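Q: Coordinates in target.cif, mmCIF, N, CA and C atoms, are listed below.
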```
data_structure
#
loop_
_atom_site.label_atom_id
_atom_site.label_comp_id
_atom_site.auth_asym_id
_atom_site.auth_seq_id
_atom_site.Cartn_x
_atom_site.Cartn_y
_atom_site.Cartn_z
N ASN A 1 0.85 -1.16 0.00
CA ASN A 1 0.00 0.00 0.00
C ASN A 1 0.90 1.23 0.00
N THR A 2 0.72 2.09 -0.96
CA THR A 2 1.60 3.25 -1.08
C THR A 2 1.31 4.31 -0.03
N LYS A 3 0.12 4.37 0.52
CA LYS A 3 -0.19 5.38 1.54
C LYS A 3 0.37 5.00 2.90
N THR A 4 0.25 3.73 3.28
CA THR A 4 0.69 3.30 4.61
C THR A 4 2.05 2.62 4.58
N ASN A 5 2.56 2.35 3.38
CA ASN A 5 3.84 1.68 3.21
C ASN A 5 3.86 0.30 3.86
N VAL A 6 2.70 -0.36 3.86
CA VAL A 6 2.57 -1.70 4.43
C VAL A 6 2.31 -2.66 3.29
N SER A 7 3.03 -3.76 3.30
CA SER A 7 2.77 -4.77 2.28
C SER A 7 2.06 -5.95 2.90
N ARG A 8 1.17 -6.53 2.17
CA ARG A 8 0.41 -7.70 2.62
C ARG A 8 0.48 -8.76 1.53
N PRO A 9 0.52 -10.02 1.93
CA PRO A 9 0.52 -11.05 0.89
C PRO A 9 -0.79 -11.02 0.12
N ALA A 10 -0.71 -11.29 -1.16
CA ALA A 10 -1.91 -11.30 -2.00
C ALA A 10 -2.82 -12.43 -1.58
N ARG A 11 -4.10 -12.17 -1.60
CA ARG A 11 -5.10 -13.19 -1.27
C ARG A 11 -5.31 -14.05 -2.49
N ARG A 12 -5.27 -15.32 -2.33
CA ARG A 12 -5.46 -16.25 -3.44
C ARG A 12 -6.70 -17.10 -3.18
N THR A 13 -7.64 -17.04 -4.08
CA THR A 13 -8.84 -17.86 -4.02
C THR A 13 -8.77 -18.86 -5.15
N LYS A 14 -8.98 -20.12 -4.81
CA LYS A 14 -8.94 -21.14 -5.85
C LYS A 14 -10.09 -20.92 -6.81
N ILE A 15 -9.78 -21.03 -8.10
CA ILE A 15 -10.76 -20.77 -9.14
C ILE A 15 -11.10 -22.08 -9.85
N GLU A 16 -12.36 -22.31 -10.05
CA GLU A 16 -12.84 -23.54 -10.68
C GLU A 16 -13.16 -23.32 -12.15
N ARG A 17 -13.87 -22.27 -12.47
CA ARG A 17 -14.43 -22.13 -13.81
C ARG A 17 -14.40 -20.68 -14.25
N LYS A 18 -14.05 -20.49 -15.50
CA LYS A 18 -14.09 -19.16 -16.07
C LYS A 18 -15.29 -19.10 -17.01
N LEU A 19 -16.10 -18.08 -16.84
CA LEU A 19 -17.33 -17.94 -17.61
C LEU A 19 -17.49 -16.47 -17.96
N ASN A 20 -17.71 -16.17 -19.22
CA ASN A 20 -17.86 -14.77 -19.67
C ASN A 20 -16.66 -13.93 -19.26
N GLY A 21 -15.48 -14.55 -19.17
CA GLY A 21 -14.28 -13.82 -18.79
C GLY A 21 -14.10 -13.64 -17.30
N THR A 22 -15.01 -14.14 -16.50
CA THR A 22 -14.93 -14.00 -15.04
C THR A 22 -14.61 -15.35 -14.42
N GLU A 23 -13.68 -15.34 -13.47
CA GLU A 23 -13.31 -16.57 -12.76
C GLU A 23 -14.07 -16.59 -11.43
N TYR A 24 -14.81 -17.66 -11.21
CA TYR A 24 -15.64 -17.79 -10.02
C TYR A 24 -14.97 -18.72 -9.00
N PRO A 25 -15.21 -18.51 -7.71
CA PRO A 25 -14.62 -19.37 -6.68
C PRO A 25 -15.00 -20.83 -6.87
N GLU A 26 -14.09 -21.71 -6.51
CA GLU A 26 -14.27 -23.14 -6.73
C GLU A 26 -15.48 -23.72 -5.99
N TRP A 27 -15.83 -23.16 -4.84
CA TRP A 27 -16.91 -23.74 -4.05
C TRP A 27 -18.30 -23.31 -4.51
N TRP A 28 -18.38 -22.37 -5.45
CA TRP A 28 -19.69 -21.97 -5.98
C TRP A 28 -20.30 -23.11 -6.77
N ASN A 29 -21.62 -23.15 -6.78
CA ASN A 29 -22.34 -24.10 -7.62
C ASN A 29 -22.17 -23.66 -9.07
N GLN A 30 -21.23 -24.28 -9.75
CA GLN A 30 -20.87 -23.86 -11.11
C GLN A 30 -22.02 -24.04 -12.09
N GLU A 31 -22.88 -25.01 -11.83
CA GLU A 31 -24.01 -25.26 -12.74
C GLU A 31 -25.06 -24.17 -12.65
N GLY A 32 -25.06 -23.42 -11.55
CA GLY A 32 -26.05 -22.36 -11.38
C GLY A 32 -25.64 -21.05 -12.03
N LEU A 33 -24.42 -20.97 -12.57
CA LEU A 33 -23.96 -19.74 -13.20
C LEU A 33 -24.60 -19.57 -14.57
N ILE A 34 -24.84 -18.33 -14.94
CA ILE A 34 -25.54 -18.03 -16.18
C ILE A 34 -24.55 -17.48 -17.19
N GLU A 35 -24.48 -18.11 -18.35
CA GLU A 35 -23.59 -17.66 -19.41
C GLU A 35 -24.26 -16.56 -20.23
N GLY A 36 -23.43 -15.69 -20.76
CA GLY A 36 -23.91 -14.68 -21.71
C GLY A 36 -24.69 -13.56 -21.08
N THR A 37 -24.66 -13.42 -19.77
CA THR A 37 -25.39 -12.34 -19.12
C THR A 37 -24.47 -11.15 -18.99
N GLU A 38 -24.78 -10.10 -19.65
CA GLU A 38 -23.99 -8.88 -19.61
C GLU A 38 -24.81 -7.78 -18.95
N PRO A 39 -24.15 -6.83 -18.30
CA PRO A 39 -24.90 -5.72 -17.70
C PRO A 39 -25.78 -5.04 -18.74
N GLY A 40 -27.02 -4.77 -18.38
CA GLY A 40 -27.94 -4.09 -19.27
C GLY A 40 -28.71 -5.03 -20.20
N SER A 41 -28.42 -6.34 -20.13
CA SER A 41 -29.15 -7.26 -21.00
C SER A 41 -30.57 -7.42 -20.49
N THR A 42 -31.45 -7.89 -21.36
CA THR A 42 -32.85 -8.06 -20.97
C THR A 42 -33.29 -9.50 -21.15
N SER A 43 -32.37 -10.43 -20.93
CA SER A 43 -32.72 -11.84 -21.10
C SER A 43 -33.63 -12.30 -19.97
N ASN A 44 -34.27 -13.44 -20.19
CA ASN A 44 -35.15 -14.02 -19.19
C ASN A 44 -34.40 -14.47 -17.94
N SER A 45 -33.09 -14.62 -18.05
CA SER A 45 -32.31 -15.10 -16.91
C SER A 45 -31.87 -13.98 -15.98
N ASP A 46 -32.19 -12.71 -16.30
CA ASP A 46 -31.74 -11.60 -15.48
C ASP A 46 -32.16 -11.73 -14.02
N HIS A 47 -33.39 -12.18 -13.78
CA HIS A 47 -33.85 -12.30 -12.40
C HIS A 47 -33.03 -13.34 -11.64
N THR A 48 -32.56 -14.37 -12.29
CA THR A 48 -31.73 -15.39 -11.66
C THR A 48 -30.30 -14.88 -11.52
N TYR A 49 -29.83 -14.15 -12.51
CA TYR A 49 -28.47 -13.62 -12.51
C TYR A 49 -28.22 -12.72 -11.31
N ALA A 50 -29.18 -11.90 -10.96
CA ALA A 50 -29.02 -10.95 -9.86
C ALA A 50 -29.50 -11.51 -8.52
N LYS A 51 -30.06 -12.71 -8.53
CA LYS A 51 -30.62 -13.28 -7.30
C LYS A 51 -29.51 -13.96 -6.50
N PRO A 52 -29.31 -13.51 -5.27
CA PRO A 52 -28.27 -14.10 -4.44
C PRO A 52 -28.68 -15.44 -3.86
N LYS A 53 -27.67 -16.25 -3.58
CA LYS A 53 -27.88 -17.53 -2.91
C LYS A 53 -26.95 -17.57 -1.70
N LEU A 54 -27.45 -18.05 -0.60
CA LEU A 54 -26.64 -18.23 0.60
C LEU A 54 -26.40 -19.73 0.75
N GLU A 55 -25.15 -20.14 0.56
CA GLU A 55 -24.80 -21.56 0.61
C GLU A 55 -23.95 -21.83 1.83
N THR A 56 -24.27 -22.88 2.56
CA THR A 56 -23.46 -23.29 3.69
C THR A 56 -22.36 -24.21 3.20
N LEU A 57 -21.11 -23.87 3.55
CA LEU A 57 -19.98 -24.71 3.17
C LEU A 57 -19.79 -25.78 4.24
N ASP A 58 -19.51 -26.99 3.81
CA ASP A 58 -19.19 -28.07 4.74
C ASP A 58 -17.93 -27.66 5.50
N ILE A 59 -18.03 -27.59 6.81
CA ILE A 59 -16.95 -27.06 7.64
C ILE A 59 -15.69 -27.92 7.56
N THR A 60 -15.78 -29.12 7.01
CA THR A 60 -14.62 -29.99 6.92
C THR A 60 -13.88 -29.86 5.59
N THR A 61 -14.40 -29.05 4.67
CA THR A 61 -13.76 -28.92 3.36
C THR A 61 -12.57 -27.96 3.42
N SER A 62 -11.71 -28.07 2.42
CA SER A 62 -10.56 -27.18 2.37
C SER A 62 -10.99 -25.72 2.16
N ALA A 63 -12.06 -25.51 1.41
CA ALA A 63 -12.54 -24.14 1.18
C ALA A 63 -12.98 -23.50 2.50
N ALA A 64 -13.75 -24.21 3.31
CA ALA A 64 -14.19 -23.68 4.60
C ALA A 64 -13.01 -23.50 5.55
N ASN A 65 -12.10 -24.47 5.57
CA ASN A 65 -10.92 -24.35 6.44
C ASN A 65 -10.04 -23.17 6.06
N ASP A 66 -9.95 -22.88 4.76
CA ASP A 66 -9.19 -21.73 4.30
C ASP A 66 -9.83 -20.44 4.82
N VAL A 67 -11.15 -20.34 4.75
CA VAL A 67 -11.86 -19.17 5.26
C VAL A 67 -11.64 -19.03 6.77
N ILE A 68 -11.76 -20.13 7.50
CA ILE A 68 -11.58 -20.10 8.96
C ILE A 68 -10.16 -19.66 9.31
N GLN A 69 -9.18 -20.17 8.61
CA GLN A 69 -7.79 -19.81 8.86
C GLN A 69 -7.55 -18.31 8.61
N ARG A 70 -8.06 -17.79 7.50
CA ARG A 70 -7.90 -16.38 7.19
C ARG A 70 -8.65 -15.51 8.21
N PHE A 71 -9.82 -15.97 8.64
CA PHE A 71 -10.60 -15.25 9.64
C PHE A 71 -9.82 -15.17 10.96
N ASN A 72 -9.25 -16.28 11.39
CA ASN A 72 -8.52 -16.31 12.66
C ASN A 72 -7.24 -15.48 12.62
N GLN A 73 -6.73 -15.18 11.44
CA GLN A 73 -5.55 -14.33 11.32
C GLN A 73 -5.87 -12.86 11.53
N THR A 74 -7.15 -12.51 11.59
CA THR A 74 -7.54 -11.10 11.73
C THR A 74 -7.52 -10.61 13.17
N GLY A 75 -7.36 -11.50 14.12
CA GLY A 75 -7.37 -11.05 15.51
C GLY A 75 -7.67 -12.19 16.44
N ARG A 76 -8.63 -11.95 17.32
CA ARG A 76 -8.99 -12.96 18.32
C ARG A 76 -9.41 -14.26 17.68
N GLN A 77 -9.17 -15.33 18.39
CA GLN A 77 -9.56 -16.66 17.93
C GLN A 77 -11.00 -16.93 18.38
N PHE A 78 -11.86 -17.19 17.42
CA PHE A 78 -13.24 -17.53 17.72
C PHE A 78 -13.49 -18.97 17.31
N ARG A 79 -14.46 -19.58 17.94
CA ARG A 79 -14.88 -20.91 17.52
C ARG A 79 -15.89 -20.71 16.39
N VAL A 80 -15.50 -21.10 15.19
CA VAL A 80 -16.36 -20.94 14.03
C VAL A 80 -17.28 -22.16 13.96
N ILE A 81 -18.57 -21.91 13.93
CA ILE A 81 -19.53 -23.01 13.89
C ILE A 81 -20.18 -23.18 12.53
N LYS A 82 -20.04 -22.16 11.67
CA LYS A 82 -20.69 -22.23 10.37
C LYS A 82 -19.99 -21.27 9.41
N VAL A 83 -19.82 -21.71 8.16
CA VAL A 83 -19.27 -20.86 7.12
C VAL A 83 -20.27 -20.82 5.98
N GLU A 84 -20.70 -19.62 5.63
CA GLU A 84 -21.66 -19.46 4.55
C GLU A 84 -21.04 -18.62 3.44
N SER A 85 -21.41 -18.94 2.23
CA SER A 85 -20.93 -18.22 1.06
C SER A 85 -22.12 -17.52 0.41
N VAL A 86 -22.00 -16.20 0.26
CA VAL A 86 -23.01 -15.44 -0.46
C VAL A 86 -22.62 -15.50 -1.93
N GLU A 87 -23.46 -16.12 -2.73
CA GLU A 87 -23.18 -16.29 -4.15
C GLU A 87 -24.15 -15.43 -4.95
N ASN A 88 -23.64 -14.30 -5.40
CA ASN A 88 -24.43 -13.36 -6.19
C ASN A 88 -23.62 -13.08 -7.45
N GLN A 89 -23.98 -13.72 -8.54
CA GLN A 89 -23.20 -13.63 -9.76
C GLN A 89 -23.08 -12.19 -10.26
N MET A 90 -24.15 -11.42 -10.16
CA MET A 90 -24.11 -10.05 -10.64
C MET A 90 -23.11 -9.22 -9.83
N LEU A 91 -23.15 -9.31 -8.49
CA LEU A 91 -22.22 -8.56 -7.67
C LEU A 91 -20.78 -9.04 -7.86
N PHE A 92 -20.60 -10.35 -8.03
CA PHE A 92 -19.26 -10.88 -8.24
C PHE A 92 -18.70 -10.40 -9.57
N ASP A 93 -19.54 -10.35 -10.59
CA ASP A 93 -19.10 -9.84 -11.89
C ASP A 93 -18.68 -8.37 -11.78
N GLN A 94 -19.45 -7.58 -11.03
CA GLN A 94 -19.09 -6.17 -10.83
C GLN A 94 -17.74 -6.06 -10.12
N TYR A 95 -17.56 -6.85 -9.07
CA TYR A 95 -16.28 -6.87 -8.35
C TYR A 95 -15.15 -7.25 -9.28
N SER A 96 -15.35 -8.29 -10.06
CA SER A 96 -14.30 -8.79 -10.96
C SER A 96 -13.93 -7.74 -12.01
N ASN A 97 -14.92 -7.06 -12.56
CA ASN A 97 -14.66 -6.03 -13.56
C ASN A 97 -13.88 -4.86 -12.97
N ILE A 98 -14.29 -4.40 -11.79
CA ILE A 98 -13.59 -3.28 -11.15
C ILE A 98 -12.17 -3.69 -10.75
N ARG A 99 -12.02 -4.92 -10.25
CA ARG A 99 -10.69 -5.42 -9.88
C ARG A 99 -9.78 -5.43 -11.10
N SER A 100 -10.29 -5.85 -12.24
CA SER A 100 -9.52 -5.89 -13.47
C SER A 100 -9.07 -4.49 -13.90
N ILE A 101 -9.96 -3.52 -13.77
CA ILE A 101 -9.62 -2.13 -14.12
C ILE A 101 -8.51 -1.62 -13.20
N ILE A 102 -8.65 -1.84 -11.91
CA ILE A 102 -7.63 -1.38 -10.96
C ILE A 102 -6.30 -2.08 -11.22
N GLN A 103 -6.36 -3.38 -11.51
CA GLN A 103 -5.15 -4.14 -11.79
C GLN A 103 -4.41 -3.58 -13.00
N LYS A 104 -5.16 -3.18 -14.01
CA LYS A 104 -4.54 -2.59 -15.21
C LYS A 104 -3.88 -1.25 -14.89
N ARG A 105 -4.47 -0.51 -13.95
CA ARG A 105 -3.93 0.81 -13.61
C ARG A 105 -2.73 0.74 -12.68
N VAL A 106 -2.75 -0.15 -11.69
CA VAL A 106 -1.68 -0.16 -10.68
C VAL A 106 -0.72 -1.34 -10.84
N GLY A 107 -1.09 -2.33 -11.63
CA GLY A 107 -0.27 -3.52 -11.79
C GLY A 107 -0.71 -4.64 -10.87
N LYS A 108 -0.55 -5.85 -11.33
CA LYS A 108 -1.02 -7.02 -10.57
C LYS A 108 -0.38 -7.11 -9.19
N ASP A 109 0.90 -6.77 -9.09
CA ASP A 109 1.61 -6.89 -7.82
C ASP A 109 1.29 -5.77 -6.84
N ASN A 110 0.56 -4.75 -7.28
CA ASN A 110 0.26 -3.62 -6.41
C ASN A 110 -1.19 -3.59 -5.94
N LEU A 111 -1.95 -4.65 -6.21
CA LEU A 111 -3.32 -4.71 -5.69
C LEU A 111 -3.26 -4.80 -4.17
N ASN A 112 -4.16 -4.15 -3.52
CA ASN A 112 -4.20 -4.15 -2.06
C ASN A 112 -5.59 -4.58 -1.62
N GLU A 113 -5.84 -5.87 -1.70
CA GLU A 113 -7.15 -6.41 -1.32
C GLU A 113 -7.11 -6.92 0.11
N ARG A 114 -8.26 -6.85 0.74
CA ARG A 114 -8.40 -7.38 2.09
C ARG A 114 -9.64 -8.26 2.14
N ASP A 115 -9.57 -9.25 3.01
CA ASP A 115 -10.75 -10.08 3.26
C ASP A 115 -11.66 -9.32 4.21
N LEU A 116 -12.95 -9.47 4.01
CA LEU A 116 -13.93 -8.87 4.90
C LEU A 116 -14.82 -9.98 5.41
N PHE A 117 -14.83 -10.16 6.72
CA PHE A 117 -15.62 -11.21 7.33
C PHE A 117 -16.79 -10.58 8.07
N HIS A 118 -17.85 -11.33 8.14
CA HIS A 118 -19.07 -10.80 8.73
C HIS A 118 -19.70 -11.86 9.60
N GLY A 119 -20.01 -11.50 10.82
CA GLY A 119 -20.72 -12.40 11.70
C GLY A 119 -21.91 -11.66 12.29
N THR A 120 -23.00 -12.36 12.45
CA THR A 120 -24.18 -11.71 13.01
C THR A 120 -25.10 -12.75 13.63
N LYS A 121 -25.87 -12.31 14.59
CA LYS A 121 -26.90 -13.16 15.18
C LYS A 121 -28.25 -12.89 14.52
N ASP A 122 -28.32 -11.83 13.75
CA ASP A 122 -29.57 -11.39 13.15
C ASP A 122 -29.62 -11.80 11.68
N GLU A 123 -30.51 -12.71 11.33
CA GLU A 123 -30.62 -13.19 9.95
C GLU A 123 -31.07 -12.09 9.00
N ASN A 124 -31.75 -11.05 9.49
CA ASN A 124 -32.18 -9.96 8.62
C ASN A 124 -31.00 -9.23 8.01
N VAL A 125 -29.90 -9.16 8.74
CA VAL A 125 -28.70 -8.51 8.22
C VAL A 125 -28.19 -9.28 7.00
N MET A 126 -28.21 -10.59 7.07
CA MET A 126 -27.69 -11.39 5.96
C MET A 126 -28.50 -11.20 4.69
N SER A 127 -29.79 -10.96 4.79
CA SER A 127 -30.57 -10.76 3.56
C SER A 127 -30.12 -9.48 2.86
N THR A 128 -29.75 -8.45 3.62
CA THR A 128 -29.23 -7.22 3.02
C THR A 128 -27.87 -7.47 2.38
N VAL A 129 -26.99 -8.20 3.06
CA VAL A 129 -25.67 -8.52 2.52
C VAL A 129 -25.82 -9.33 1.23
N GLN A 130 -26.75 -10.27 1.21
CA GLN A 130 -26.97 -11.08 0.02
C GLN A 130 -27.39 -10.22 -1.17
N GLN A 131 -28.28 -9.27 -0.95
CA GLN A 131 -28.82 -8.45 -2.03
C GLN A 131 -27.86 -7.37 -2.49
N GLU A 132 -27.17 -6.71 -1.55
CA GLU A 132 -26.40 -5.52 -1.87
C GLU A 132 -24.90 -5.68 -1.72
N GLY A 133 -24.45 -6.78 -1.13
CA GLY A 133 -23.03 -6.94 -0.84
C GLY A 133 -22.71 -6.19 0.44
N PHE A 134 -21.43 -6.20 0.83
CA PHE A 134 -21.00 -5.47 2.02
C PHE A 134 -20.96 -3.99 1.68
N ARG A 135 -21.48 -3.20 2.58
CA ARG A 135 -21.47 -1.75 2.37
C ARG A 135 -20.56 -1.14 3.42
N LYS A 136 -19.45 -0.56 2.95
CA LYS A 136 -18.44 -0.08 3.88
C LYS A 136 -18.91 1.04 4.79
N GLU A 137 -19.96 1.76 4.41
CA GLU A 137 -20.42 2.84 5.28
C GLU A 137 -20.99 2.33 6.62
N PHE A 138 -21.28 1.01 6.68
CA PHE A 138 -21.77 0.42 7.92
C PHE A 138 -20.64 -0.23 8.72
N ASN A 139 -19.43 -0.21 8.20
CA ASN A 139 -18.29 -0.82 8.86
C ASN A 139 -17.50 0.28 9.56
N GLN A 140 -17.36 0.18 10.86
CA GLN A 140 -16.68 1.22 11.63
C GLN A 140 -15.18 1.22 11.40
N THR A 141 -14.61 0.12 10.86
CA THR A 141 -13.16 0.06 10.68
C THR A 141 -12.75 0.21 9.24
N ALA A 142 -13.69 0.37 8.31
CA ALA A 142 -13.34 0.46 6.88
C ALA A 142 -12.75 1.81 6.55
#
```
Show how you would write the structure in this file as structure tokens.
A:
Amino acid sequence: NTKTNVSRPARRTKIERKLNGTEYPEWWNQEGLIEGTEPGSTSNSDHTYAKPKLETLDITTSAANDVIQRFNQTGRQFRVIKVESVENQMLFDQYSNIRSIIQKRVGKDNLNERDLFHGTKDENVMSTVQQEGFRKEFNQTA
């Protein structure tokens, strides 16, 4: 990071499938992804493309263990009882496109990404996260 002069190792997420130029995480249900959906299209699949899914990862899998390990590196050690993946193809495509633009501007080795973890006892919060993604204005440390 050029502002804080702190370097962090790049986050690596295992990629399973590339679709429409976007690489999706390996643990996503690859069969549920929609091909040929571009922003502004009016296909019948648009309602599915933007519809989020909350999937529970088997806590014994390498994907879940990777998340737990990265989470525990952020500070206090918590007992993780459940790992859920918010799968929203539209939001992920937006993230991927913006990441690509930034990467072209600053270079692949200069990306400064951070993991953002979320825990809550209130299921209503998760429905907002599923629909809109994480909103940094609600994060006191962002």
Q: For A:Thr128, which residue out of A:Ser85, A:Gly75, A:Pro52, A:Leu111 is the nearest one, using only C-alpha atoms?
A: A:Pro52
Q: Have a look at atom N of A:Tyr49 and atom C of A:Met90 and let me know their distance in Å, one decimal.
A: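 Going from atom N of A:Tyr49 over to atom C of A:Met90, I get 8.8 Å.
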Q: Just how far from atom CA of A:Asp115 is atom CA of A:Arg99, in Å to one decimal?
A: 13.9 Å
Q: Given the choices A:His47, A:Lys82, A:Lys104, A:Arg76, which gets closest to A:Ala64 if the distance is worked out from only C-alpha atoms?
A: A:Lys82
Q: Take atom CA of A:Ile34 and atom CA of A:Thr56 and report the distance between them in Å, one decimal.
A: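 Distance between the two atoms: 20.7 Å.
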Q: Hey, which of A:Glu132, A:Asp93, A:Glu113, A:Asp66 ends up closest to A:Glu35? Count only C-alpha atoms.
A: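 The shortest atom-to-atom distance to A:Glu35 comes from A:Asp93.
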Q: Run DSSP on the backbone and grab whatever in stretch 68-104 of chain A lands in strand (DSSP E or B); send it over as a PyMOL selection string.
A: chain A and resi 83-87
Q: Take the residues just selected and output them with N, CA and C atoms as a short mmCIF file (atom, residue, chain, number, x, y, z; two decimals), keeping the file's coordinate frame.
A:
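Done, and the output landed in part-v2.cif:
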```cif
data_model
loop_
_atom_site.label_atom_id
_atom_site.label_comp_id
_atom_site.auth_asym_id
_atom_site.auth_seq_id
_atom_site.Cartn_x
_atom_site.Cartn_y
_atom_site.Cartn_z
N VAL A 83 -19.82 -21.71 8.16
CA VAL A 83 -19.27 -20.86 7.12
C VAL A 83 -20.27 -20.82 5.98
N GLU A 84 -20.70 -19.62 5.63
CA GLU A 84 -21.66 -19.46 4.55
C GLU A 84 -21.04 -18.62 3.44
N SER A 85 -21.41 -18.94 2.23
CA SER A 85 -20.93 -18.22 1.06
C SER A 85 -22.12 -17.52 0.41
N VAL A 86 -22.00 -16.20 0.26
CA VAL A 86 -23.01 -15.44 -0.46
C VAL A 86 -22.62 -15.50 -1.93
N GLU A 87 -23.46 -16.12 -2.73
CA GLU A 87 -23.18 -16.29 -4.15
C GLU A 87 -24.15 -15.43 -4.95
#
```
Q: I'd like to see the residues matched by the PyMOL selection byres (((chain A and resi 80 and name CA) around 12) and name CA) on this file, and ideally I'd get them as JSON, numbers by chain.
A: {"A": [59, 60, 64, 65, 67, 68, 69, 70, 71, 72, 76, 77, 78, 79, 81, 82, 83, 84, 117, 118, 119]}
Q: Could you tell me which residues the PyMOL selection byres (((chain A and resi 29 and name CA) around 12) and name CA) returns for this structure, as number ranges by chain?
A: A: 16-17, 24-28, 30-34, 53-57, 85-89
Q: Which residue, A:Thr48, A:Ser96, A:Thr61, A:Asn112, has the smallest gap to A:Leu19 when you use only C-alpha atoms?
A: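 Of the candidates, the smallest distance to A:Leu19 is held by A:Ser96.
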Q: Per DSSP on the backbone, filter stretch 26-104 of chain A down to the residues in alpha helix (DSSP H) and report them as an NGL selection string.
A: :A and (46-49 or 62-72 or 89-104)
